[in-house]
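As stored in model_11.cif (mmCIF, C-alpha atoms and all ligand atoms):
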```
data_run
#
loop_
_atom_site.label_atom_id
_atom_site.label_comp_id
_atom_site.auth_asym_id
_atom_site.auth_seq_id
_atom_site.Cartn_x
_atom_site.Cartn_y
_atom_site.Cartn_z
CA MET A 276 82.69 32.74 118.58
CA SER A 277 79.87 34.56 116.88
CA TYR A 278 79.89 37.87 115.12
CA ASN A 279 77.15 40.41 114.56
CA LEU A 280 76.24 41.89 111.21
CA ILE A 281 76.13 45.61 110.56
CA LYS A 282 72.40 45.42 109.97
CA GLN A 283 71.88 43.93 113.43
CA LEU A 284 73.48 46.82 115.28
CA SER A 285 70.97 48.83 117.22
CA ASN A 286 71.11 51.33 119.97
CA LYS A 287 70.55 48.78 122.68
CA ASN A 288 73.37 48.32 125.09
CA GLU A 289 74.85 45.08 123.85
CA ASN A 290 78.33 43.79 123.42
CA TRP A 291 78.60 43.97 119.69
CA LYS A 292 81.32 42.26 117.76
CA VAL A 293 81.67 42.64 114.00
CA ARG A 294 84.00 41.50 111.25
CA VAL A 295 84.61 44.24 108.74
CA ARG A 296 86.92 45.47 106.06
CA LEU A 297 88.26 48.99 106.46
CA SER A 298 87.42 49.95 102.90
CA ARG A 299 88.38 53.60 103.07
CA ILE A 300 90.43 54.98 105.92
CA LEU A 301 90.02 58.68 105.12
CA ASP A 302 86.28 58.70 105.59
CA MET A 303 86.27 55.52 107.72
CA VAL A 304 83.90 53.31 105.76
CA LEU A 305 83.56 49.71 106.96
CA ILE A 306 82.02 46.84 105.00
CA ASP A 307 80.83 43.51 106.37
CA GLU A 308 80.40 40.07 104.80
CA GLN A 309 76.87 40.90 103.65
CA ASP A 310 78.12 43.96 101.81
CA ASP A 311 76.54 46.34 104.31
CA THR A 312 78.45 49.50 105.04
CA ILE A 313 78.76 51.64 108.12
CA HIS A 314 80.65 54.80 108.91
CA ALA A 315 82.97 54.91 111.90
CA THR A 316 84.33 57.81 113.88
CA ILE A 317 87.27 58.08 116.21
CA GLN A 318 87.33 60.89 118.71
CA LYS A 319 90.24 63.26 118.33
CA ASN A 320 91.98 62.18 121.52
CA ASN A 321 91.86 58.52 120.46
CA VAL A 322 93.15 58.96 116.92
CA LYS A 323 96.78 58.40 117.91
CA LYS A 324 95.93 55.17 119.68
CA PHE A 325 94.17 53.66 116.67
CA GLN A 326 95.92 55.08 113.65
CA THR A 327 98.90 52.75 113.96
CA GLN A 328 96.61 49.72 114.17
CA LEU A 329 94.39 50.48 111.20
CA ARG A 330 95.31 50.01 107.53
CA GLU A 331 93.09 50.65 104.56
CA GLY A 332 91.85 47.49 102.88
CA ARG A 333 92.53 45.18 105.85
CA LEU A 334 90.07 43.00 107.73
CA TYR A 335 89.35 43.47 111.41
CA SER A 336 87.19 42.21 114.17
CA LEU A 337 85.88 45.02 116.33
CA SER A 338 84.36 44.83 119.76
CA ASN A 339 83.63 47.16 122.66
CA PHE A 340 82.64 50.00 120.39
CA GLN A 341 79.65 52.25 120.70
CA GLU A 342 76.77 51.97 118.27
CA ASP A 343 75.49 55.45 117.55
CA THR A 344 73.32 57.48 115.20
CA TYR A 345 73.99 60.80 113.48
CA LYS A 346 72.90 63.95 115.17
CA GLY A 347 72.14 67.30 113.63
CA LYS A 348 75.54 68.63 114.56
CA ASP A 349 77.42 65.97 112.65
CA SER A 350 78.01 67.72 109.40
CA TYR A 351 80.03 65.06 107.62
CA TRP A 352 78.27 61.95 106.76
CA PRO A 353 79.68 59.72 104.02
CA LEU A 354 76.83 57.20 103.81
CA SER A 355 73.11 57.64 103.59
CA LYS A 356 72.51 55.43 106.62
CA GLU A 357 71.97 56.97 110.01
CA LYS A 358 73.95 54.42 111.98
CA LYS A 359 77.60 54.74 112.81
CA ILE A 360 80.22 53.20 115.02
CA ASN A 361 82.18 55.20 117.55
CA PHE A 362 85.56 53.88 118.52
CA LEU A 363 86.01 54.13 122.26
CA ARG A 364 89.27 54.14 124.15
CA THR A 365 88.48 50.57 125.18
CA THR A 366 87.54 49.33 121.69
CA VAL A 367 89.34 46.12 120.82
CA ILE A 368 90.69 45.69 117.28
CA GLU A 369 92.07 42.45 115.96
CA GLU A 370 93.32 42.01 112.45
CA LEU A 371 91.85 39.03 110.58
CA LYS A 372 93.35 37.02 107.74
CA GLU A 373 91.79 37.14 104.27
CA SER A 374 91.06 33.42 104.59
CA GLU A 375 88.83 33.95 107.62
CA VAL A 376 86.03 35.81 105.89
CA THR A 377 85.09 37.04 102.42
CA ILE A 378 84.35 40.74 102.29
CA SER A 379 84.45 42.96 99.22
CA GLN A 380 87.14 45.58 98.86
CA HIS A 381 84.87 48.40 97.83
CA LYS A 382 81.33 49.49 98.28
CA PHE A 383 80.21 52.89 97.13
CA GLU A 384 76.96 54.73 97.36
CA PHE A 385 76.76 57.02 94.37
CA VAL A 386 74.53 60.05 94.21
CA ASP A 387 72.48 61.09 91.20
CA TYR A 388 72.28 64.64 89.96
CA GLN A 389 68.95 65.46 91.56
CA THR A 390 70.29 64.47 94.97
CA ILE A 391 73.18 66.86 94.53
CA VAL A 392 70.84 69.72 93.68
CA ASP A 393 68.31 68.85 96.39
CA ARG A 394 70.85 68.51 99.11
CA PHE A 395 72.42 71.81 98.32
CA GLY A 396 69.11 73.61 98.63
CA ASN A 397 68.26 71.77 101.80
CA ASN A 398 69.75 73.73 104.62
CA LYS A 399 69.87 70.86 107.08
CA HIS A 400 72.90 68.79 107.94
CA LEU A 401 72.38 66.79 104.77
CA THR A 402 73.79 69.77 102.91
CA ASP A 403 77.21 68.90 104.12
CA SER A 404 77.00 65.16 103.95
CA LEU A 405 79.74 63.68 101.85
CA LYS A 406 79.03 62.45 98.36
CA ASN A 407 80.54 59.74 96.22
CA ILE A 408 80.24 60.25 92.53
CA ILE A 409 81.05 58.20 89.45
CA GLY A 410 81.29 59.25 85.84
CA LYS A 411 83.33 59.33 82.70
CA ILE A 412 85.97 62.02 82.53
CA VAL A 413 85.09 64.47 79.75
CA GLY A 414 87.20 67.46 80.75
CA VAL A 415 90.44 68.07 82.58
CA GLY A 416 91.68 71.46 83.72
CA PRO A 417 95.24 72.51 84.40
CA LEU A 418 96.78 72.24 87.84
CA GLU A 419 96.27 75.66 89.39
CA ASN A 420 97.81 77.10 92.47
CA VAL A 421 95.43 78.95 94.75
CA HIS A 422 97.41 78.81 97.99
CA VAL A 423 97.02 75.05 97.56
CA PRO A 424 96.98 73.05 94.33
CA MET A 425 93.58 72.64 92.67
CA ARG A 426 92.28 71.09 89.47
CA ASN A 427 88.86 71.06 87.85
CA ILE A 428 87.57 67.99 86.09
CA ASP A 429 84.30 67.50 84.28
CA ILE A 430 82.54 64.17 84.32
CA MET A 431 79.53 62.74 82.54
CA ASN A 432 77.54 60.85 85.17
CA PRO A 433 75.49 57.69 84.40
CA GLU A 434 72.47 59.91 83.66
CA GLU A 435 74.58 61.70 81.02
CA ILE A 436 74.67 64.93 83.00
CA LYS A 437 77.88 66.88 83.06
CA ILE A 438 79.13 67.67 86.56
CA ARG A 439 82.19 69.61 87.60
CA ILE A 440 84.39 68.38 90.40
CA THR A 441 87.03 70.60 91.95
CA LEU A 442 89.89 68.66 93.47
CA TRP A 443 92.00 70.40 96.10
CA GLY A 444 95.38 69.59 97.60
CA PRO A 445 97.01 66.19 97.06
CA THR A 446 93.98 64.75 95.21
CA SER A 447 94.49 67.29 92.40
CA ASN A 448 97.86 65.66 91.74
CA GLN A 449 96.37 62.21 91.29
CA ILE A 450 95.47 63.17 87.74
CA GLU A 451 98.20 64.21 85.36
CA ASP A 452 97.83 67.04 82.87
CA ASN A 453 97.81 65.03 79.65
CA PHE A 454 97.27 61.50 80.86
CA TYR A 455 94.53 60.99 78.30
CA ASN A 456 96.86 61.62 75.36
CA ASN A 457 98.84 58.47 75.95
CA ASN A 458 95.91 56.19 76.68
CA PRO A 459 92.72 55.95 74.62
CA GLY A 460 90.44 55.65 77.64
CA PRO A 461 87.61 55.88 78.46
CA PHE A 462 88.36 56.87 82.02
CA VAL A 463 85.77 56.23 84.67
CA ILE A 464 86.48 58.16 87.78
CA ILE A 465 85.14 57.67 91.28
CA VAL A 466 85.54 60.57 93.67
CA THR A 467 84.59 59.95 97.29
CA SER A 468 83.61 62.32 100.04
CA THR A 469 82.90 65.51 98.18
CA ILE A 470 80.63 68.33 99.28
CA VAL A 471 78.17 70.26 97.13
CA LYS A 472 78.89 73.90 96.38
CA THR A 473 77.76 76.42 93.79
CA PHE A 474 79.73 78.72 91.52
CA ARG A 475 77.87 81.28 89.39
CA GLY A 476 74.66 79.36 89.87
CA GLU A 477 76.04 75.97 88.86
CA HIS A 478 76.25 73.11 91.32
CA TYR A 479 79.60 71.44 91.58
CA LEU A 480 81.34 69.06 93.93
CA SER A 481 84.37 70.06 95.91
CA SER A 482 86.84 67.61 97.41
CA THR A 483 87.48 67.42 101.16
CA SER A 484 90.32 66.08 103.25
CA ALA A 485 88.59 62.68 103.15
CA THR A 486 88.39 62.54 99.35
CA LYS A 487 89.92 59.68 97.44
CA VAL A 488 90.07 59.38 93.67
CA TYR A 489 89.89 56.07 91.79
CA ILE A 490 90.31 55.79 88.03
CA ASN A 491 89.01 52.71 86.22
CA LEU A 492 88.63 50.83 89.48
CA GLU A 493 87.59 47.25 88.80
CA ILE A 494 84.06 47.20 90.09
CA PRO A 495 80.93 46.30 88.07
CA LYS A 496 79.66 49.87 87.98
CA THR A 497 82.82 51.03 86.24
CA ALA A 498 82.46 48.31 83.63
CA THR A 499 78.91 49.32 82.75
CA LEU A 500 79.98 52.89 82.15
CA ILE A 501 82.94 51.88 80.04
CA ASP A 502 80.83 49.59 77.84
CA ARG A 503 78.23 52.19 77.15
CA ASN A 504 80.31 54.18 74.68
CA VAL A 505 82.86 52.09 72.89
CA GLU A 506 84.39 54.84 70.78
CA LYS A 507 87.21 56.93 72.17
CA THR A 508 86.00 59.42 74.73
CA GLU A 509 86.75 63.01 73.90
CA ILE A 510 88.35 64.82 76.77
CA GLU A 511 88.45 68.58 76.60
CA GLY A 512 90.76 70.96 78.35
CA ILE A 513 89.11 73.25 80.90
CA PRO A 514 90.36 76.84 81.06
CA LEU A 515 91.96 78.21 84.20
CA GLN A 516 89.42 79.08 86.85
CA PHE A 517 91.75 81.45 88.65
CA LYS A 518 93.74 84.09 86.84
CA GLN A 519 97.51 83.73 86.65
CA GLU A 520 99.83 82.78 89.41
CA ILE A 521 100.15 85.01 92.44
CA SER A 522 103.52 86.33 91.27
CA GLU A 523 101.90 87.76 88.15
CA ASN A 524 99.27 89.36 90.32
CA VAL A 525 101.80 91.73 91.81
CA PHE A 526 102.62 95.06 90.24
CA THR A 527 104.95 97.83 91.27
CA CYS A 528 104.59 101.57 90.79
CA LEU A 529 106.02 104.85 91.93
CA ALA A 530 103.26 107.07 93.27
CA THR A 531 102.61 110.05 95.48
CA ILE A 532 100.11 110.08 98.33
CA GLU A 533 97.75 112.93 97.55
CA ASN A 534 95.34 112.47 100.39
CA ILE A 535 94.22 110.08 103.10
CA GLU A 536 90.60 109.06 103.44
CA LYS A 537 89.29 109.89 106.91
CA ASN A 538 85.76 108.52 106.71
CA PHE A 539 86.74 104.89 107.06
CA GLY A 540 89.08 105.42 109.98
CA TRP A 541 92.72 104.42 110.01
CA TYR A 542 92.58 101.22 112.05
CA TYR A 543 90.31 98.34 112.92
CA ILE A 544 90.12 95.96 115.85
CA GLY A 545 91.61 92.68 114.69
CA CYS A 546 91.36 89.16 116.02
CA ALA A 547 94.53 88.26 117.92
CA LYS A 548 94.70 84.92 116.17
CA CYS A 549 94.02 85.69 112.52
CA ASN A 550 94.12 89.51 112.26
CA LYS A 551 90.67 89.63 110.63
CA LYS A 552 88.35 92.36 111.80
CA VAL A 553 86.23 91.36 114.79
CA LYS A 554 82.52 91.94 114.49
CA SER A 555 82.07 94.73 116.99
CA GLU A 556 84.14 96.37 119.64
CA ASN A 557 81.83 94.96 122.27
CA ASP A 558 81.72 91.24 121.74
CA PHE A 559 84.91 90.72 119.68
CA TRP A 560 83.36 87.96 117.64
CA CYS A 561 85.70 86.73 114.90
CA ASN A 562 83.82 85.39 111.91
CA ASN A 563 86.95 83.81 110.52
CA CYS A 564 87.85 81.84 113.68
CA LYS A 565 84.18 81.38 114.61
CA SER A 566 84.94 82.33 118.18
CA ASN A 567 85.25 85.31 120.45
CA SER A 568 88.69 86.75 120.14
CA ASN A 569 90.45 87.28 123.45
CA PHE A 570 92.59 90.40 123.56
CA PRO A 571 91.87 91.72 120.06
CA ILE A 572 94.48 94.17 118.77
CA PRO A 573 94.15 97.46 116.85
CA ARG A 574 95.55 97.07 113.33
CA TYR A 575 96.22 99.68 110.68
CA ARG A 576 94.03 99.99 107.64
CA ILE A 577 94.76 103.28 105.97
CA GLN A 578 93.13 104.28 102.72
CA LEU A 579 95.52 106.30 100.55
CA ASN A 580 94.56 108.37 97.52
CA VAL A 581 97.57 108.13 95.23
CA ASP A 582 98.62 109.42 91.84
CA ASP A 583 101.39 107.97 89.74
CA GLY A 584 101.28 110.59 87.02
CA THR A 585 99.10 108.47 84.76
CA GLU A 586 96.09 107.90 86.96
CA ARG A 587 94.68 108.14 90.45
CA ALA A 588 93.79 105.13 92.56
CA ILE A 589 93.08 104.05 96.12
CA PHE A 590 95.71 101.95 97.83
CA ILE A 591 95.07 100.24 101.15
CA LEU A 592 97.94 100.21 103.58
CA PHE A 593 97.67 97.41 106.11
CA ASP A 594 99.29 96.81 109.44
CA LYS A 595 102.80 95.53 108.84
CA GLU A 596 103.67 97.92 106.03
CA ALA A 597 102.06 100.87 107.80
CA GLU A 598 104.12 100.13 110.89
CA LYS A 599 107.24 100.25 108.76
CA LEU A 600 106.43 103.74 107.49
CA LEU A 601 105.12 105.14 110.78
CA HIS A 602 107.61 103.49 113.15
CA THR A 603 104.86 102.80 115.66
CA THR A 604 102.13 100.22 116.12
CA ALA A 605 98.43 100.90 115.66
CA ARG A 606 97.94 99.90 119.28
CA GLU A 607 100.37 102.57 120.56
CA LEU A 608 98.99 105.21 118.27
CA SER A 609 95.36 104.45 119.13
CA ASN A 610 96.20 104.58 122.85
CA LYS A 611 97.65 108.05 122.38
CA TYR A 612 94.51 109.19 120.65
CA ALA A 613 92.16 107.42 123.02
CA THR A 614 90.78 110.64 124.47
CA MET A 615 89.70 112.01 121.09
CA ASN A 616 87.52 110.32 118.59
CA ALA A 617 90.40 108.06 117.73
CA TYR A 618 88.74 106.37 114.83
CA SER A 619 88.07 109.36 112.62
CA THR A 620 90.81 111.72 113.78
CA LEU A 621 93.89 111.25 111.70
CA PRO A 622 97.03 111.20 113.88
CA ASN A 623 99.73 113.67 112.87
CA LYS A 624 102.13 110.90 112.08
CA ILE A 625 99.75 109.57 109.45
CA GLU A 626 98.82 112.98 108.11
CA LYS A 627 102.50 113.62 107.44
CA LEU A 628 102.50 110.90 104.78
CA ILE A 629 100.53 113.19 102.49
CA GLY A 630 102.70 114.56 99.72
CA LYS A 631 105.31 111.83 100.01
CA THR A 632 106.31 109.54 97.19
CA PHE A 633 106.99 105.83 97.57
CA VAL A 634 107.44 102.73 95.49
CA PHE A 635 104.39 100.58 96.14
CA GLN A 636 104.11 96.93 95.40
CA LEU A 637 100.47 95.94 95.07
CA LYS A 638 98.71 92.66 95.04
CA LEU A 639 95.67 92.19 92.84
CA ASN A 640 93.04 90.20 94.66
CA ASP A 641 89.94 88.35 93.52
CA TYR A 642 87.84 91.51 93.70
CA ASN A 643 90.21 93.31 91.38
CA TRP A 644 90.01 90.52 88.83
CA LYS A 645 86.31 89.85 89.10
CA GLU A 646 84.87 93.27 89.82
CA GLY A 647 87.72 95.54 88.73
CA TRP A 648 87.44 97.29 92.08
CA GLU A 649 89.61 100.31 92.28
CA LEU A 650 90.97 99.43 95.70
CA TYR A 651 94.38 97.86 95.64
CA THR A 652 96.05 96.19 98.58
CA ILE A 653 99.61 97.24 99.27
CA GLU A 654 101.91 94.28 99.58
CA LYS A 655 105.09 96.25 100.24
CA VAL A 656 106.19 99.86 100.49
CA PHE A 657 109.76 100.84 99.75
CA ASP A 658 110.35 103.96 101.63
CA ASN A 659 113.69 105.21 100.40
CA ILE A 660 113.76 105.18 96.67
CA SER A 661 117.37 104.66 95.84
CA ASN A 662 119.77 102.41 93.94
CA ASP A 663 118.24 98.93 93.96
CA GLU A 664 114.67 100.18 93.94
CA THR A 665 115.20 102.08 90.70
CA ALA A 666 116.17 98.76 89.17
CA MET A 667 112.64 97.55 89.76
CA LYS A 668 110.39 97.28 86.79
CA LEU A 669 107.69 99.87 87.31
CA ASP A 670 104.16 99.61 86.01
CA HIS A 671 101.63 102.33 85.58
CA ILE A 672 98.20 102.30 87.17
CA THR A 673 96.59 102.99 83.76
CA LYS A 674 98.17 99.86 82.32
CA VAL A 675 97.04 97.71 85.22
CA ARG A 676 93.55 99.13 84.98
CA CYS A 677 93.44 98.27 81.27
CA GLN A 678 94.55 94.73 82.00
CA LEU A 679 91.80 94.32 84.54
CA LEU A 680 89.19 95.66 82.16
CA GLN A 681 90.22 93.23 79.43
CA THR A 682 89.60 90.13 81.51
ZN ZN B 1 90.13 85.22 114.04
#
```
Turn this file's structure into C-alpha cells for me.
Ligand SMILES: [Zn+2]
Amino acid sequence: MSYNLIKQLSNKNENWKVRVRLSRILDMVLIDEQDDTIHATIQKNNVKKFQTQLREGRLYSLSNFQEDTYKGKDSYWPLSKEKKINFLRTTVIEELKESEVTISQHKFEFVDYQTIVDRFGNNKHLTDSLKNIIGKIVGVGPLENVHVPMRNIDIMNPEEIKIRITLWGPTSNQIEDNFYNNNPGPFVIIVTSTIVKTFRGEHYLSSTSATKVYINLEIPKTATLIDRNVEKTEIEGIPLQFKQEISENVFTCLATIENIEKNFGWYYIGCAKCNKKVKSENDFWCNNCKSNSNFPIPRYRIQLNVDDGTERAIFILFDKEAEKLLHTTARELSNKYATMNAYSTLPNKIEKLIGKTFVFQLKLNDYNWKEGWELYTIEKVFDNISNDETAMKLDHITKVRCQLLQT
C-alpha cells in the first residue's frame, strides 16, 4: 500500500492517502515523514464524529479527505502554506503504530518581528493568520482577572527584540507567578496560534482558543536560544495592565437626583440577543452580534444628574435597575408615548424621580479609569434607604474622582 506525501497533494481529484502525526490538535497541524506540515479543518457538524478518534501526538493514516486551499474568508491560518486538508464525513482515519513510520513530534514555523509588524498593517486575511513565536522569557506579569484570566509575558525573540504576549483563559494558568524564583532558567517559551494586535501603538501577540504554550520544549531551536546566554536570565515582573479587581471597581454613595438629561433620550433600541444598541431603527443591525437583530427591544438608558453633597456627577441608569424604580418596562412605557416624540419627551413616571434620594452602587468602567469620564454606570439602586442599607460603607463622589485622577 502506498502513501502520498504532503508535498504531493494538489487540487486534482485524486484519492489521496497520507501518513501523518497530529502534532497539535487545537490548531490541527499535521506533519508527515518528510517533516512537511499541513493544516487540517473539520467542519462544525463533523467535529463530534472525529474528536473521539483523534489524539494529539498520535500517528494516523488519512484517506478520503479533500485537498483544499485557503480562501480570503478563512481568517485563521496557522501555517504559511496555502494548502490544507478538509476532513469530510467520509474521511477514513486509522491509527498507526510508532514502529510503522518515523515522524517528528513537533514542527513549528516561527515568525520574525518584521512579519508581525507587516502582517498587522496588511489588511488582508493574513492579518488574522495565526502566529507561532519563540523567545526567552524576560518578563512575567501577574494573573489578572478581566472577565477571564489573563497574563502578560515579555519575551526576547531570536533577533533580540522584546515582544509582549498576552495569554488569555487557561493558557494564562500554564505559567505560575514565581516559577522563575525556584529554577535558574533560562526559559524558552513557544506560544502557538497567536494573533497580532496593538496596544498604545505597540504590536503584541494575543492568544486564541487554539494557543498552546511550551516551555523549554526539547527541539533544536530551543537549545540554540538557551546556549546563547549562559548566565542566569533576568526575569522582571510586569505591572498590572488592568486596574484592580472588579469588586474594587464598585463604589456606593447616597445621592439625590437633581435633574434628568432629556437630550439623549431615555431609551434605546437594543438587540434582543445581547442588549447592545442596534445601529438604526430601520435595519436593526447589531454590531456586537454582527447580524440583524430580529425583534429588537426598547431598553432604558436614563442619564441622571446627581449630587451627593460633595460633588455633582452624571449617573447612567440602565434597563434592569430602571425597571425596578419605575415598575414598568421601557417597551411598555415607549408604547404609551408612541404618539408623541417618545424619544425626547420624558414620561411622567421618569420625571417623578427628580428630587428623590437613593443609594447608588456604581461600577467604574475602562473609560472611567483611562479617560476619567464623568459618566458612571449604575450597577444597583437601593430604593428604600433603611436598616441594612445604612450599614453599607458609603463613598463620596469627590473621593472617587480624586482616585481616578491619581491613576
Ligand atoms: Zn446583539
Within 6 Å of ligand ZN 1 (chain B), which residues of chain A come that close, and what is the closest atom pair and distance in Å for each? Count all atoms listed in the file and give it as a tab-separated table.
```
residue	atom	partner	partner_atom	distance
A:Cys546	CA	B:ZN1	ZN	4.6
A:Lys548	CA	B:ZN1	ZN	5.1
A:Cys549	CA	B:ZN1	ZN	4.2
A:Lys551	CA	B:ZN1	ZN	5.6
A:Cys561	CA	B:ZN1	ZN	4.8
A:Asn563	CA	B:ZN1	ZN	4.9
A:Cys564	CA	B:ZN1	ZN	4.1
```
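Atom CA of Asp558 of chain A to atom CA of Leu608 of chain A spans 22.5 Å [interatomic distance, one decimal].
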Practice task
Go through A:Leu305, A:Ile572, A:Leu337, A:Ile577 one by one, measure the shortest atom-to-atom distance of each to Asn550 of chain A using only C-alpha atoms, and give the residue with the smallest value.
Solution key: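 Closest to Asn550 of chain A, using only C-alpha atoms: A:Ile572.
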Exercise for the section: Return the single residue from A:Phe633, A:Phe559, A:Tyr612, A:Trp291 that is closest to Trp541 of chain A, with distances computed using only C-alpha atoms. Expected result: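 Checking each candidate against Trp541 of chain A, we get A:Tyr612 as the closest.
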Practice task
Go through A:Gln283, A:Ile391, A:Glu289, A:Pro353 one by one, measure the shortest atom-to-atom distance of each to Ala315 of chain A using all atoms listed in the file, and give the residue with the smallest value.
Solution key: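 So, comparing all the options, the nearest one is A:Pro353.
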So that I can see what lies close to Met431 of chain A, please list as a tab-separated table (two decimals) with C-alpha atoms, keeping the file's coordinate frame the residues with an atom at most 9 Å from it, counting only C-alpha atoms and leaving out residues fewer than 6 positions away in the same chain.
```tsv
chain	number	residue	atom	x	y	z
A	409	ILE	CA	81.05	58.20	89.45
A	410	GLY	CA	81.29	59.25	85.84
A	411	LYS	CA	83.33	59.33	82.70
A	412	ILE	CA	85.97	62.02	82.53
A	413	VAL	CA	85.09	64.47	79.75
A	437	LYS	CA	77.88	66.88	83.06
A	438	ILE	CA	79.13	67.67	86.56
A	439	ARG	CA	82.19	69.61	87.60
```
Problem - Residue nearest Gln380 of chain A - candidates A:Arg330, A:Arg299, A:Lys565, A:Lys319, atoms counted: all atoms listed in the file - result: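 Under the stated criterion, the closest residue is A:Arg299.
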Fill in the blank from the handout: Of A:Lys359, A:Arg333, A:Lys324, A:Lys287, the one nearest to Ser374 of chain A when counting all atoms listed in the file is A:Arg333
Handout entry: Sel. within 9 Å of pt (79.1, 46.2, 105.0), counting all atoms listed in the file, output as a VMD selection string
Key = chain A and resid 280 to 282 295 to 296 304 to 313 378 to 379 382
Handout entry: Point-to-point distance in Å for atom CA of Ile589 of chain A and atom CA of Cys528 of chain A
Key =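 Between atom CA of Cys528 of chain A and atom CA of Ile589 of chain A the gap is 12.9 Å.
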Exercise for the section: Please indicate the distance in Å from atom CA of Ser481 of chain A to atom CA of Asn456 of chain A, rounded to one decimal place. Expected result: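 Between atom CA of Ser481 of chain A and atom CA of Asn456 of chain A the gap works out to 25.5 Å.
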Exercise for the section: Return the single residue from A:Thr527, A:Asn453, A:Thr652, A:Thr366 that is closest to Ile672 of chain A, with distances computed using only C-alpha atoms. Expected result: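 Looking only at the distances to Ile672 of chain A, the closest residue turns out to be A:Thr527.
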Problem - Contacts of Val392 of chain A within 12 Å, all atoms listed in the file, excl. fewer than 6 positions in-chain, as an MDAnalysis selection string - result: chainID A and resid 386 398 401:402 406 438 470:473 476:480
Residues from last step as file, C-alpha atoms, as a PDB file, in the coordinates of the input:
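Produced file result_11.pdb, reproduced below:
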```
ATOM      1  CA  VAL A 386      74.530  60.050  94.210  1.00  0.00           C
ATOM      2  CA  ASN A 398      69.750  73.730 104.620  1.00  0.00           C
ATOM      3  CA  LEU A 401      72.380  66.790 104.770  1.00  0.00           C
ATOM      4  CA  THR A 402      73.790  69.770 102.910  1.00  0.00           C
ATOM      5  CA  LYS A 406      79.030  62.450  98.360  1.00  0.00           C
ATOM      6  CA  ILE A 438      79.130  67.670  86.560  1.00  0.00           C
ATOM      7  CA  ILE A 470      80.630  68.330  99.280  1.00  0.00           C
ATOM      8  CA  VAL A 471      78.170  70.260  97.130  1.00  0.00           C
ATOM      9  CA  LYS A 472      78.890  73.900  96.380  1.00  0.00           C
ATOM     10  CA  THR A 473      77.760  76.420  93.790  1.00  0.00           C
ATOM     11  CA  GLY A 476      74.660  79.360  89.870  1.00  0.00           C
ATOM     12  CA  GLU A 477      76.040  75.970  88.860  1.00  0.00           C
ATOM     13  CA  HIS A 478      76.250  73.110  91.320  1.00  0.00           C
ATOM     14  CA  TYR A 479      79.600  71.440  91.580  1.00  0.00           C
ATOM     15  CA  LEU A 480      81.340  69.060  93.930  1.00  0.00           C
TER      16      LEU A 480
END
```
Exercise for the section: Please provide as a PyMOL selection string all residues within 12 Å of Ile501 of chain A, with the sequence filter that same-chain residues fewer than 6 positions apart are discarded (counting all atoms listed in the file). Expected result: chain A and resi 409-412+431-433+459-464+490-495+507-508
